[in-house]
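K.L.:
upload24.cif is the file, holding mmCIF, C-alpha atoms:
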data_work
#
loop_
_atom_site.label_atom_id
_atom_site.label_comp_id
_atom_site.auth_asym_id
_atom_site.auth_seq_id
_atom_site.Cartn_x
_atom_site.Cartn_y
_atom_site.Cartn_z
CA MET A 167 51.30 -7.27 -44.65
CA ALA A 168 50.35 -3.71 -43.88
CA LEU A 169 52.77 -3.40 -40.98
CA LEU A 170 55.73 -4.32 -43.12
CA ALA A 171 54.61 -1.88 -45.77
CA LEU A 172 54.48 0.88 -43.18
CA LYS A 173 57.91 0.05 -41.87
CA GLU A 174 59.23 0.01 -45.40
CA GLN A 175 57.69 3.42 -46.03
CA LEU A 176 59.33 4.80 -42.92
CA ASN A 177 62.70 3.43 -43.96
CA VAL A 178 62.39 4.94 -47.41
CA LEU A 179 61.44 8.28 -45.91
CA LEU A 180 64.36 8.35 -43.49
CA ASN A 181 66.81 7.22 -46.14
CA SER A 182 65.66 9.96 -48.48
CA MET A 183 66.04 12.56 -45.74
CA PHE A 184 69.62 11.50 -45.18
CA ALA A 185 70.35 11.26 -48.88
CA GLU A 186 68.96 14.74 -49.58
CA GLY A 187 70.97 16.27 -46.78
CA LEU A 188 67.95 17.17 -44.69
CA LEU A 189 69.38 15.03 -41.91
CA ASP A 190 72.92 14.24 -40.92
CA GLN A 191 74.72 11.90 -38.58
CA GLN A 192 73.60 13.84 -35.53
CA PHE A 193 70.04 12.61 -36.07
CA GLN A 194 71.38 9.08 -35.86
CA GLN A 195 72.90 10.01 -32.51
CA LEU A 196 69.42 11.00 -31.33
CA GLN A 197 68.04 7.69 -32.55
CA MET A 198 70.77 5.85 -30.66
CA LEU A 199 69.92 7.70 -27.48
CA GLN A 200 66.31 6.58 -27.65
CA ASP A 201 65.80 3.36 -25.76
CA GLY A 202 63.46 1.59 -23.40
CA SER A 203 63.89 4.14 -20.68
CA SER A 204 63.26 7.08 -23.03
CA PRO A 205 61.01 5.83 -25.84
CA GLY A 206 59.76 9.28 -26.82
CA PHE A 207 63.11 11.03 -26.85
CA VAL A 208 63.42 11.73 -30.57
CA ALA A 209 59.82 12.90 -30.82
CA GLU A 210 60.28 15.18 -27.82
CA VAL A 211 63.45 16.80 -29.10
CA ILE A 212 62.17 17.22 -32.66
CA THR A 213 58.93 18.73 -31.40
CA LEU A 214 60.87 21.20 -29.29
CA PHE A 215 63.05 22.02 -32.24
CA CYS A 216 60.07 22.71 -34.48
CA GLU A 217 58.35 24.94 -31.93
CA ASP A 218 61.52 26.79 -31.11
CA SER A 219 62.37 27.32 -34.77
CA GLU A 220 58.93 28.71 -35.56
CA ARG A 221 59.33 31.22 -32.80
CA ILE A 222 62.77 32.26 -33.98
CA LEU A 223 61.71 32.59 -37.62
CA THR A 224 58.80 34.80 -36.59
CA GLU A 225 61.10 37.03 -34.58
CA LEU A 226 63.58 37.23 -37.43
CA SER A 227 60.85 38.26 -39.85
CA LYS A 228 59.79 41.03 -37.49
CA LEU A 229 63.34 42.27 -37.05
CA LEU A 230 63.91 42.44 -40.79
CA GLU A 231 60.70 44.39 -41.32
CA GLN A 232 62.07 47.26 -39.29
CA GLN A 233 63.38 50.38 -40.94
CA VAL A 234 66.58 50.11 -39.01
CA VAL A 235 67.54 46.51 -38.50
CA ASP A 236 69.04 45.43 -35.20
CA TYR A 237 71.67 43.11 -36.59
CA GLN A 238 72.88 42.09 -33.16
CA LYS A 239 69.53 40.60 -32.36
CA VAL A 240 69.39 38.99 -35.79
CA ASP A 241 72.77 37.43 -35.08
CA ALA A 242 71.65 36.13 -31.71
CA TYR A 243 68.59 34.42 -33.19
CA VAL A 244 70.42 32.93 -36.14
CA HIS A 245 73.11 31.66 -33.79
CA GLN A 246 70.42 30.02 -31.67
CA LEU A 247 68.75 28.40 -34.65
CA LYS A 248 72.02 27.21 -36.08
CA GLY A 249 72.86 25.61 -32.74
CA SER A 250 69.57 23.84 -32.27
CA SER A 251 69.44 22.58 -35.87
CA ALA A 252 72.96 21.23 -35.45
CA SER A 253 71.93 19.53 -32.23
CA VAL A 254 69.05 17.65 -33.84
CA GLY A 255 70.78 16.88 -37.12
CA ALA A 256 68.71 19.18 -39.34
CA GLN A 257 71.62 19.72 -41.68
CA ASN A 258 70.12 21.92 -44.38
CA VAL A 259 68.68 24.30 -41.83
CA LYS A 260 72.06 24.52 -40.13
CA LEU A 261 73.80 25.26 -43.42
CA ALA A 262 71.23 27.86 -44.38
CA CYS A 263 71.84 29.61 -41.06
CA ALA A 264 75.58 29.59 -41.66
CA GLN A 265 75.03 31.25 -44.99
CA PHE A 266 72.69 33.79 -43.47
CA ARG A 267 75.58 34.98 -41.35
CA GLN A 268 77.51 36.51 -44.22
CA PHE A 269 74.66 38.87 -45.04
CA TYR A 270 74.13 40.37 -41.68
CA GLU A 271 77.86 40.69 -41.24
CA GLU A 272 77.69 42.99 -44.24
CA ASN A 273 74.59 44.69 -42.83
CA ASN A 274 72.92 43.77 -46.10
CA LYS A 275 69.18 43.92 -45.49
CA GLU A 276 68.08 42.55 -48.85
CA GLY A 277 70.55 39.73 -48.56
CA CYS A 278 69.26 38.96 -45.09
CA ILE A 279 65.67 38.78 -46.22
CA ARG A 280 66.59 36.40 -49.00
CA ALA A 281 68.73 34.32 -46.66
CA LEU A 282 65.85 34.16 -44.17
CA ASN A 283 63.59 32.84 -46.89
CA VAL A 284 66.06 30.09 -47.62
CA VAL A 285 66.16 29.14 -43.95
CA LYS A 286 62.37 29.13 -43.81
CA HIS A 287 62.15 27.00 -46.91
CA GLU A 288 64.58 24.45 -45.52
CA PHE A 289 62.87 24.42 -42.15
CA TYR A 290 59.38 23.83 -43.56
CA ARG A 291 60.77 21.15 -45.82
CA VAL A 292 62.29 19.17 -42.97
CA ARG A 293 59.33 19.80 -40.69
CA ASN A 294 56.92 18.30 -43.20
CA LYS A 295 59.06 15.23 -43.42
CA PHE A 296 59.24 15.00 -39.63
CA ASP A 297 55.43 15.14 -39.55
CA ASN A 298 55.27 12.25 -42.03
CA MET A 299 57.81 10.36 -40.00
CA PHE A 300 55.84 10.68 -36.77
CA GLN A 301 52.58 9.75 -38.43
CA LEU A 302 54.13 6.59 -39.82
CA GLU A 303 55.67 5.76 -36.43
CA GLN A 304 52.35 6.19 -34.70
CA ARG A 305 50.61 3.93 -37.17
CA ILE A 306 53.32 1.33 -36.74
CA GLN A 307 53.04 1.51 -32.97
CA ALA A 308 49.28 1.14 -33.19
CA TYR A 309 49.75 -1.98 -35.27
CA ASP A 310 52.26 -3.42 -32.82
CA ALA A 311 49.93 -2.73 -29.93
CA LYS A 312 47.04 -4.41 -31.74
CA GLN A 313 49.07 -7.45 -32.61
CA GLN A 314 50.01 -7.99 -29.00
CA ASN A 315 46.35 -8.31 -28.04
CA MET B 156 78.22 -4.55 -3.54
CA ALA B 157 81.62 -2.87 -3.99
CA VAL B 158 81.59 0.72 -2.80
CA ASP B 159 83.55 2.50 -5.54
CA ALA B 160 82.29 0.92 -8.74
CA GLU B 161 78.61 1.25 -8.00
CA THR B 162 78.41 4.77 -6.61
CA GLN B 163 76.52 6.93 -9.01
CA PHE B 164 78.14 10.15 -10.15
CA HIS B 165 76.16 13.36 -10.17
CA VAL B 166 76.67 15.78 -13.04
CA LEU B 167 75.43 19.35 -13.21
CA ALA B 168 74.74 20.50 -16.78
CA VAL B 169 74.44 24.19 -17.62
CA ASP B 170 73.04 25.41 -20.94
CA ASP B 171 70.67 28.20 -21.93
CA SER B 172 69.28 26.17 -24.85
CA LEU B 173 66.42 23.87 -23.88
CA ILE B 174 67.13 21.47 -26.73
CA ASP B 175 70.77 21.19 -25.75
CA ARG B 176 69.78 20.63 -22.13
CA LYS B 177 67.55 17.75 -23.20
CA LEU B 178 70.32 16.31 -25.29
CA ILE B 179 73.05 16.53 -22.66
CA GLU B 180 70.67 15.15 -20.05
CA ARG B 181 69.94 12.11 -22.18
CA LEU B 182 73.62 11.61 -23.01
CA LEU B 183 74.56 11.70 -19.35
CA LYS B 184 71.70 9.48 -18.19
CA ASN B 185 72.57 7.05 -20.94
CA SER B 186 75.99 6.83 -19.30
CA SER B 187 74.31 6.09 -15.97
CA TYR B 188 75.01 9.44 -14.39
CA GLN B 189 72.58 11.28 -12.19
CA VAL B 190 71.83 14.63 -13.85
CA THR B 191 70.68 18.06 -12.80
CA THR B 192 70.24 20.71 -15.50
CA VAL B 193 70.04 24.49 -15.14
CA ASP B 194 69.74 27.21 -17.72
CA SER B 195 72.29 29.70 -16.44
CA GLY B 196 75.59 30.09 -14.66
CA SER B 197 74.05 32.05 -11.83
CA LYS B 198 71.50 29.30 -11.19
CA ALA B 199 74.34 26.80 -11.20
CA LEU B 200 76.22 28.77 -8.56
CA GLU B 201 73.08 29.12 -6.50
CA LEU B 202 72.54 25.38 -6.59
CA LEU B 203 76.14 24.77 -5.60
CA GLY B 204 75.78 27.04 -2.62
CA LEU B 205 77.82 29.93 -3.95
CA ARG B 206 75.77 33.08 -3.94
CA ASP B 207 76.30 35.65 -6.65
CA GLU B 208 77.48 38.33 -4.27
CA GLU B 209 77.12 41.06 -6.84
CA THR B 210 73.38 40.64 -7.07
CA ASP B 211 72.41 38.93 -3.83
CA PRO B 212 73.24 40.37 -0.43
CA PRO B 213 74.70 37.76 1.89
CA SER B 214 71.61 37.75 4.03
CA ALA B 215 70.72 34.65 5.94
CA SER B 216 68.82 32.49 3.49
CA LEU B 217 68.31 29.19 5.21
CA GLU B 218 66.24 27.98 2.27
CA GLN B 219 69.38 27.64 0.22
CA GLN B 220 69.64 24.32 -1.55
CA GLU B 221 73.05 22.83 -1.81
CA ILE B 222 73.76 19.85 -3.92
CA GLU B 223 76.86 17.81 -4.29
CA VAL B 224 78.13 17.28 -7.80
CA ASN B 225 81.04 15.33 -9.15
CA LEU B 226 81.36 17.19 -12.42
CA ILE B 227 80.04 20.33 -14.07
CA ILE B 228 79.50 20.52 -17.81
CA THR B 229 78.64 23.92 -19.19
CA ASP B 230 77.97 25.69 -22.46
CA TYR B 231 80.39 28.48 -23.29
CA CYS B 232 78.06 30.99 -24.98
CA MET B 233 75.39 31.99 -22.52
CA PRO B 234 73.82 35.37 -21.87
CA GLY B 235 74.95 37.00 -18.63
CA MET B 236 77.51 34.65 -17.19
CA THR B 237 79.42 32.77 -19.84
CA GLY B 238 80.74 29.26 -19.32
CA TYR B 239 84.18 30.74 -18.88
CA ASP B 240 82.93 33.12 -16.18
CA LEU B 241 81.33 30.19 -14.42
CA LEU B 242 84.55 28.21 -14.67
CA LYS B 243 86.53 31.03 -13.06
CA ARG B 244 83.99 31.40 -10.24
CA ILE B 245 84.14 27.68 -9.51
CA LYS B 246 87.92 27.50 -9.62
CA GLY B 247 88.10 30.59 -7.44
CA SER B 248 85.97 29.04 -4.74
CA SER B 249 87.68 27.05 -2.02
CA SER B 250 84.71 24.75 -1.66
CA LEU B 251 84.14 24.12 -5.34
CA LYS B 252 87.54 24.37 -7.00
CA ASP B 253 88.14 20.63 -7.05
CA ILE B 254 85.03 19.85 -9.04
CA PRO B 255 86.07 19.04 -12.62
CA VAL B 256 84.56 21.39 -15.19
CA VAL B 257 83.97 20.61 -18.87
CA ILE B 258 83.11 23.31 -21.40
CA MET B 259 81.00 22.84 -24.56
CA SER B 260 80.81 25.14 -27.53
CA SER B 261 79.36 25.11 -31.01
CA GLU B 262 82.31 27.12 -32.24
CA ASN B 263 85.76 25.74 -32.86
CA VAL B 264 87.90 28.69 -31.79
CA PRO B 265 91.39 27.59 -30.72
CA SER B 266 92.04 30.65 -28.59
CA ARG B 267 88.78 30.07 -26.76
CA ILE B 268 89.61 26.43 -26.21
CA ASN B 269 93.07 27.24 -24.87
CA ARG B 270 91.70 29.93 -22.62
CA CYS B 271 89.24 27.50 -21.08
CA LEU B 272 91.79 24.75 -20.61
CA GLU B 273 94.24 27.21 -19.08
CA GLY B 274 91.43 28.49 -16.88
CA GLY B 275 91.15 25.02 -15.37
CA ALA B 276 88.65 23.23 -17.58
CA GLU B 277 89.37 19.54 -17.88
CA GLU B 278 87.91 19.11 -21.35
CA PHE B 279 86.44 21.12 -24.17
CA PHE B 280 83.69 19.47 -26.20
CA LEU B 281 82.54 20.71 -29.57
CA LYS B 282 78.78 20.72 -29.96
CA PRO B 283 76.78 18.77 -30.74
CA VAL B 284 78.15 16.59 -27.99
CA GLN B 285 78.38 12.94 -28.95
CA LEU B 286 77.96 9.67 -27.14
CA SER B 287 81.68 9.08 -27.63
CA ASP B 288 82.43 12.26 -25.69
CA MET B 289 80.80 10.78 -22.59
CA LYS B 290 83.65 8.32 -22.20
CA LYS B 291 86.02 11.25 -21.71
CA LEU B 292 84.25 12.22 -18.51
CA LYS B 293 84.98 9.05 -16.59
CA PRO B 294 88.67 9.68 -15.81
CA HIS B 295 87.87 13.07 -14.32
CA LEU B 296 85.07 11.68 -12.22
CA LEU B 297 87.21 8.80 -10.99
CA LYS B 298 90.05 11.15 -10.14
CA GLY B 299 87.70 13.13 -7.96
CA LYS B 300 86.51 9.98 -6.22
CA SER B 301 89.98 8.61 -5.70
CA LYS B 302 91.09 11.92 -4.23
CA GLU B 303 88.28 11.83 -1.70
CA HIS B 304 88.87 8.15 -1.12
CA GLN B 305 92.54 8.83 -0.57
CA GLN B 306 91.71 11.49 1.97
CA GLU B 307 89.37 9.11 3.75
CA THR B 308 91.95 6.33 3.57
CA GLU B 309 94.56 8.68 5.00
CA GLN B 310 92.24 9.58 7.84
CA GLU B 311 91.61 5.92 8.55
CA GLN B 312 95.29 5.22 8.47
CA GLU B 313 95.99 7.98 10.92
CA GLN B 314 93.65 6.25 13.29
CA GLU B 315 95.27 2.94 12.56
CA ASP B 316 98.72 4.34 13.18
CA ASN B 317 97.59 5.57 16.52
CA ASN B 318 96.39 2.09 17.38
CA ASN B 319 99.10 0.02 15.75
CA ILE B 320 102.52 -0.52 17.17
CA SER B 321 104.16 -1.49 13.85
CA SER B 322 103.73 0.90 10.95
CA SER B 323 104.94 -1.44 8.21
CA SER B 324 101.49 -2.60 7.15
CA SER B 325 100.15 0.91 6.72
CA SER B 326 103.11 2.05 4.69
CA SER B 327 102.60 -0.69 2.12
CA THR B 328 98.96 0.29 1.84
CA ASP B 329 100.15 3.81 1.28
CA SER B 330 102.35 2.89 -1.65
CA ASN B 331 99.56 0.86 -3.22
CA THR B 332 97.23 3.79 -3.05
CA SER B 333 99.77 6.13 -4.56
CA ILE B 334 100.57 3.72 -7.39
CA ASN B 335 96.90 3.50 -8.25
CA ASN B 336 96.55 7.24 -8.23
CA SER B 337 99.59 7.85 -10.37
CA ASN B 338 98.27 5.40 -12.96
CA LYS B 339 95.07 7.31 -13.16
CA ARG B 340 96.91 10.56 -13.42
CA LYS B 341 99.09 9.10 -16.16
CA ALA B 342 96.07 8.03 -18.16
CA MET B 343 94.89 11.59 -17.94
CA ASP B 344 98.19 13.21 -18.80
CA GLU B 345 98.51 11.13 -21.93
CA GLY B 346 95.48 12.79 -23.31
CA LEU B 347 95.43 16.15 -21.69
CA SER B 348 97.78 18.81 -22.96
CA PRO B 349 96.69 22.23 -21.76
CA GLU B 350 99.07 24.00 -24.06
CA GLY B 351 96.82 22.89 -26.88
CA THR B 352 97.22 23.52 -30.55
CA SER B 353 94.37 24.13 -32.92
CA SER B 354 93.88 20.41 -33.28
CA ASN B 355 93.26 20.06 -29.60
CA THR B 356 89.49 19.94 -29.77
CA THR B 357 86.97 17.48 -28.51
CA ASN B 358 87.13 15.00 -31.29
CA GLY B 359 90.82 15.62 -31.40
CA ASN B 360 93.70 13.75 -30.08
CA LYS B 361 92.61 13.08 -26.54
CA LYS B 362 92.90 9.35 -26.76
CA ARG B 363 92.01 7.80 -23.52
CA LYS B 364 91.49 4.33 -22.20
CA ALA B 365 87.79 3.94 -21.88
CA ILE B 366 87.42 3.08 -18.25
CA ASP B 367 84.47 0.84 -17.83
CA GLY B 368 82.31 1.42 -14.89
CA GLY B 369 78.91 0.25 -13.91
CA GLY B 370 77.07 2.90 -12.06
CA LEU B 371 73.54 2.42 -11.00
CA SER B 372 70.95 3.40 -13.52
CA LEU B 373 68.60 5.14 -11.18
CA GLU B 374 66.61 7.70 -13.06
CA ARG B 375 66.63 10.33 -10.37
CA THR B 376 66.94 13.93 -11.40
CA ARG B 377 66.15 15.62 -8.13
CA PRO B 378 69.17 16.94 -6.30
CA ARG B 379 70.60 14.65 -3.73
CA PHE B 380 71.46 16.10 -0.34
CA SER B 381 74.35 13.96 0.75
CA SER B 382 77.16 14.92 3.01
CA SER B 383 79.36 12.02 2.07
CA SER B 384 80.12 11.45 -1.56
CA LEU B 385 80.76 7.79 -0.88
CA THR B 386 77.14 7.24 -0.03
CA VAL B 387 76.09 4.07 -1.72
CA VAL B 388 72.73 4.54 -3.29
#
Render the structure in this file as structure tokens.

P.N.:
Amino acid sequence: MALLALKEQLNVLLNSMFAEGLLDQQFQQLQMLQDGSSPGFVAEVITLFCEDSERILTELSKLLEQQVVDYQKVDAYVHQLKGSSASVGAQNVKLACAQFRQFYEENNKEGCIRALNVVKHEFYRVRNKFDNMFQLEQRIQAYDAKQQN
Amino acid sequence: MAVDAETQFHVLAVDDSLIDRKLIERLLKNSSYQVTTVDSGSKALELLGLRDEETDPPSASLEQQEIEVNLIITDYCMPGMTGYDLLKRIKGSSSLKDIPVVIMSSENVPSRINRCLEGGAEEFFLKPVQLSDMKKLKPHLLKGKSKEHQQETEQEQEQEDNNNISSSSSSSTDSNTSINNSNKRKAMDEGLSPEGTSSNTTNGNKKRKAIDGGGLSLERTRPRFSSSSLTVV
């Protein structure tokens, strides 16, 4: 049955995200908070996270392109991204941000640029998986809706 | 419908991060609290009816919204007014000082935690805030209610005393009320130790009896303009 196959796929995807460290226990907290009165909660928060992160990564890139880098601003953005990734359970992004910190504390521009690339890599990785996750969920919901008719 | 158990508590949440505001709002609503969220300390003060006298002249602004809240939960790290600054403003205000304040932070810095607790914060939560942290709010909310209830009860008793010839009945009611209150205070004191050590963080050793309460699950987010906090909704 196609519906079961979809659900299985979703399970496999989520399990792999946890196993690979892309997600941590905080994401499960989000899932627990989603219920009948707030069915779109996880989608809403993850969407916000993705948009917010894109914005921050763009700003960080700009800052690091400058001749003289404003490390205070870099710190503020990384702190923000670390916080929001922690809040949604995007573990690898959070860890990459923590590591980023050591480079701007040393005012090491090259190190910062490399660290930013790691953060970007981890973010795009988890965002792709989130996209897959939402697509699967939508297909499952469409099936459920059909079956009720 | 019993008055105390079903009255919904109103929590004001302050955080500059939109994602964290969404999260704390959901956590609080999940616990059947009414929630208002703002993105800064100054907005919080405005909402509470305390103008920021440094920036706003005390001109007559009759448009001022004032809401009643039973608890304030605020992020520590915010641009402009930090959570600690907000805490001090609230505790320094005669009208607001009795509102319990909880501070949240993504950073586990013992000196920061101690400073906040010594500054009058009831709790310090490490972010990301968990469902289990929500249980820690109840004692503080109930303490606030029982204080107000005690004041109301005392007022009623004053009237009774004036009417009654014998005062024996009212004195036994008195001792019941005070026993109840001291139990609640005891439950708090078991967990709360302001002279905290580094282990005194959110997930730390604040073991508390989870006080079960119903609370209506109305999904209202708009501020309520109520003069009496015992308004049954």

K.L.:
I need the chain A residues near chain B as a ChimeraX atom specification; criterion: at most 7 Å, counting all atoms listed in the file.

P.N.:
/A:199,211,214-215,249-250,252-253

K.L.:
Given the file shown, determine the residues that the PyMOL selection byres ((chain A and resi 223) around 9) selects; report them as a PyMOL selection string.

P.N.:
chain A and resi 218-222+224-228+243-244+247+282+285-286

K.L.:
Identify which of the residues A:Gln314, A:Ala185, A:Phe266, A:Val254 lies closest to Ala209 in chain A, counting all atoms listed in the file when measuring atom-to-atom distances.

P.N.:
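Selected residue with least distance to Ala209 in chain A: A:Val254.
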
K.L.:
Carefully work through the PyMOL selection byres ((chain A and resi 293-310) around 12) for this structure and note down the residues it includes, as an mmCIF file with C-alpha atoms, in the frame of the given file.

P.N.:
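Resulting contents of out.cif:
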data_model
loop_
_atom_site.group_PDB
_atom_site.id
_atom_site.type_symbol
_atom_site.label_atom_id
_atom_site.label_comp_id
_atom_site.auth_asym_id
_atom_site.auth_seq_id
_atom_site.Cartn_x
_atom_site.Cartn_y
_atom_site.Cartn_z
ATOM 1 C CA MET A 167 51.300 -7.270 -44.650
ATOM 2 C CA ALA A 168 50.350 -3.710 -43.880
ATOM 3 C CA LEU A 169 52.770 -3.400 -40.980
ATOM 4 C CA LEU A 170 55.730 -4.320 -43.120
ATOM 5 C CA ALA A 171 54.610 -1.880 -45.770
ATOM 6 C CA LEU A 172 54.480 0.880 -43.180
ATOM 7 C CA LYS A 173 57.910 0.050 -41.870
ATOM 8 C CA GLU A 174 59.230 0.010 -45.400
ATOM 9 C CA GLN A 175 57.690 3.420 -46.030
ATOM 10 C CA LEU A 176 59.330 4.800 -42.920
ATOM 11 C CA ASN A 177 62.700 3.430 -43.960
ATOM 12 C CA VAL A 178 62.390 4.940 -47.410
ATOM 13 C CA LEU A 179 61.440 8.280 -45.910
ATOM 14 C CA LEU A 180 64.360 8.350 -43.490
ATOM 15 C CA ASN A 181 66.810 7.220 -46.140
ATOM 16 C CA SER A 182 65.660 9.960 -48.480
ATOM 17 C CA MET A 183 66.040 12.560 -45.740
ATOM 18 C CA PHE A 184 69.620 11.500 -45.180
ATOM 19 C CA GLU A 186 68.960 14.740 -49.580
ATOM 20 C CA LEU A 188 67.950 17.170 -44.690
ATOM 21 C CA LEU A 189 69.380 15.030 -41.910
ATOM 22 C CA PHE A 193 70.040 12.610 -36.070
ATOM 23 C CA PRO A 205 61.010 5.830 -25.840
ATOM 24 C CA GLY A 206 59.760 9.280 -26.820
ATOM 25 C CA VAL A 208 63.420 11.730 -30.570
ATOM 26 C CA ALA A 209 59.820 12.900 -30.820
ATOM 27 C CA GLU A 210 60.280 15.180 -27.820
ATOM 28 C CA VAL A 211 63.450 16.800 -29.100
ATOM 29 C CA ILE A 212 62.170 17.220 -32.660
ATOM 30 C CA THR A 213 58.930 18.730 -31.400
ATOM 31 C CA LEU A 214 60.870 21.200 -29.290
ATOM 32 C CA PHE A 215 63.050 22.020 -32.240
ATOM 33 C CA CYS A 216 60.070 22.710 -34.480
ATOM 34 C CA GLU A 217 58.350 24.940 -31.930
ATOM 35 C CA SER A 219 62.370 27.320 -34.770
ATOM 36 C CA GLU A 220 58.930 28.710 -35.560
ATOM 37 C CA SER A 251 69.440 22.580 -35.870
ATOM 38 C CA VAL A 254 69.050 17.650 -33.840
ATOM 39 C CA GLY A 255 70.780 16.880 -37.120
ATOM 40 C CA ALA A 256 68.710 19.180 -39.340
ATOM 41 C CA ASN A 258 70.120 21.920 -44.380
ATOM 42 C CA VAL A 259 68.680 24.300 -41.830
ATOM 43 C CA LYS A 286 62.370 29.130 -43.810
ATOM 44 C CA HIS A 287 62.150 27.000 -46.910
ATOM 45 C CA GLU A 288 64.580 24.450 -45.520
ATOM 46 C CA PHE A 289 62.870 24.420 -42.150
ATOM 47 C CA TYR A 290 59.380 23.830 -43.560
ATOM 48 C CA ARG A 291 60.770 21.150 -45.820
ATOM 49 C CA VAL A 292 62.290 19.170 -42.970
ATOM 50 C CA ALA A 311 49.930 -2.730 -29.930
ATOM 51 C CA LYS A 312 47.040 -4.410 -31.740
ATOM 52 C CA GLN A 313 49.070 -7.450 -32.610
ATOM 53 C CA GLN A 314 50.010 -7.990 -29.000
ATOM 54 C CA ASN A 315 46.350 -8.310 -28.040
#

K.L.:
One decimal, Å: what's the distance from CA of Lys243 in chain B over to CA of Val166 in chain B, could you say?

P.N.:
18.2 Å

K.L.:
Taking 6 positions as the minimum chain separation for residues in the same chain, which residues sit within 8 Å of Lys275 in chain A when counting all atoms listed in the file? Answer as a ChimeraX atom specification.

P.N.:
/A:230,235,269

K.L.:
Go ahead and save the picked residues with C-alpha atoms, as an mmCIF file, keeping the file's coordinate frame.

P.N.:
data_model
loop_
_atom_site.group_PDB
_atom_site.id
_atom_site.type_symbol
_atom_site.label_atom_id
_atom_site.label_comp_id
_atom_site.auth_asym_id
_atom_site.auth_seq_id
_atom_site.Cartn_x
_atom_site.Cartn_y
_atom_site.Cartn_z
ATOM 1 C CA LEU A 230 63.910 42.440 -40.790
ATOM 2 C CA VAL A 235 67.540 46.510 -38.500
ATOM 3 C CA PHE A 269 74.660 38.870 -45.040
#

K.L.:
So how many Å separate CA of Glu271 in chain A and CA of Pro234 in chain B, to one decimal?

P.N.:
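Those two atoms sit 20.5 Å apart.
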
K.L.:
Select, from B:Thr191, B:Asn317, B:Ser248, B:Asn225, the residue with the minimum atom-to-atom distance to Gln163 in chain B, counting all atoms listed in the file.

P.N.:
B:Asn225

K.L.:
Which residues of range 259-305 of chain B come within 9 Å of range 235-242 of chain B, and for each one, what is the closest pair of atoms and their distance in Å to one decimal, counting all atoms listed in the file, sorted by chain and residue number, as a tab-separated table?

P.N.:
residue	atom	partner	partner_atom	distance
B:Met259	CA	B:Gly238	CA	8.3
B:Arg270	CA	B:Tyr239	CA	8.4
B:Cys271	CA	B:Tyr239	CA	6.4
B:Gly274	CA	B:Leu242	CA	7.2
B:Gly275	CA	B:Leu242	CA	7.4
B:Ala276	CA	B:Leu242	CA	7.1

K.L.:
Taking all listed atoms of range 231-245 of chain A, build the axis-aligned box, pad each of the six sides by 6 Å, then write its centre and edge lengths in Å to one decimal as lines of an AutoDock Vina configuration file.

P.N.:
center_x = 66.9
center_y = 41.0
center_z = -36.5
size_x = 24.4
size_y = 30.7
size_z = 21.6

K.L.:
Please write the residues picked by the PyMOL selection byres ((chain B and resi 254) around 9) on this file as a list in words.

P.N.:
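Output from the PyMOL selection byres ((chain B and resi 254) around 9), applied to this file: Val224, Asn225, Leu226, Ile227, Ile245, Lys246, Ser250, Leu251, Lys252, Asp253, Pro255, Val256, Leu296 and Gly299 of chain B.
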
K.L.:
State, in Å with one decimal place, the distance from CA of Glu277 in chain B to CA of Lys298 in chain B.

P.N.:
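Computing it gives 11.4 Å between the two atoms.
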
K.L.:
With distances taken over all atoms listed in the file, which of B:Leu200, B:Ile179, B:Ile268, B:Phe164 is nearest to Ile228 in chain B?

P.N.:
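That would be B:Ile179, the residue with the smallest distance to Ile228 in chain B.
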
K.L.:
Give me the residues near Val234 in chain A as a ChimeraX atom specification, where near means some atom within 12 Å (using only C-alpha atoms) and where sequence neighbours in that chain fewer than 5 positions away do not count.

P.N.:
/A:228-229,239-240,273-275

K.L.:
Just so I have it separately, write range 183-190 of chain A from the block I sent, keeping N, CA and C atoms, as a PDB file, in the first residue's frame.

P.N.:
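Saved file part-v7.pdb follows:
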ATOM      1  N   MET A 183      18.252  11.038  10.098  1.00  0.00           N
ATOM      2  CA  MET A 183      18.644  12.386  10.526  1.00  0.00           C
ATOM      3  C   MET A 183      19.103  12.390  11.982  1.00  0.00           C
ATOM      4  N   PHE A 184      18.405  11.609  12.791  1.00  0.00           N
ATOM      5  CA  PHE A 184      18.821  11.516  14.191  1.00  0.00           C
ATOM      6  C   PHE A 184      20.147  10.776  14.297  1.00  0.00           C
ATOM      7  N   ALA A 185      20.243   9.678  13.573  1.00  0.00           N
ATOM      8  CA  ALA A 185      21.445   8.850  13.659  1.00  0.00           C
ATOM      9  C   ALA A 185      22.689   9.603  13.192  1.00  0.00           C
ATOM     10  N   GLU A 186      22.527  10.444  12.163  1.00  0.00           N
ATOM     11  CA  GLU A 186      23.677  11.176  11.628  1.00  0.00           C
ATOM     12  C   GLU A 186      23.986  12.442  12.412  1.00  0.00           C
ATOM     13  N   GLY A 187      23.196  12.722  13.415  1.00  0.00           N
ATOM     14  CA  GLY A 187      23.464  13.895  14.234  1.00  0.00           C
ATOM     15  C   GLY A 187      22.930  15.189  13.655  1.00  0.00           C
ATOM     16  N   LEU A 188      22.157  15.077  12.558  1.00  0.00           N
ATOM     17  CA  LEU A 188      21.566  16.296  12.002  1.00  0.00           C
ATOM     18  C   LEU A 188      20.516  16.848  12.954  1.00  0.00           C
ATOM     19  N   LEU A 189      19.815  15.921  13.624  1.00  0.00           N
ATOM     20  CA  LEU A 189      18.788  16.324  14.580  1.00  0.00           C
ATOM     21  C   LEU A 189      19.120  15.757  15.953  1.00  0.00           C
ATOM     22  N   ASP A 190      18.696  16.479  16.971  1.00  0.00           N
ATOM     23  CA  ASP A 190      18.835  15.939  18.318  1.00  0.00           C
ATOM     24  C   ASP A 190      17.490  15.959  19.041  1.00  0.00           C
TER      25      ASP A 190
END
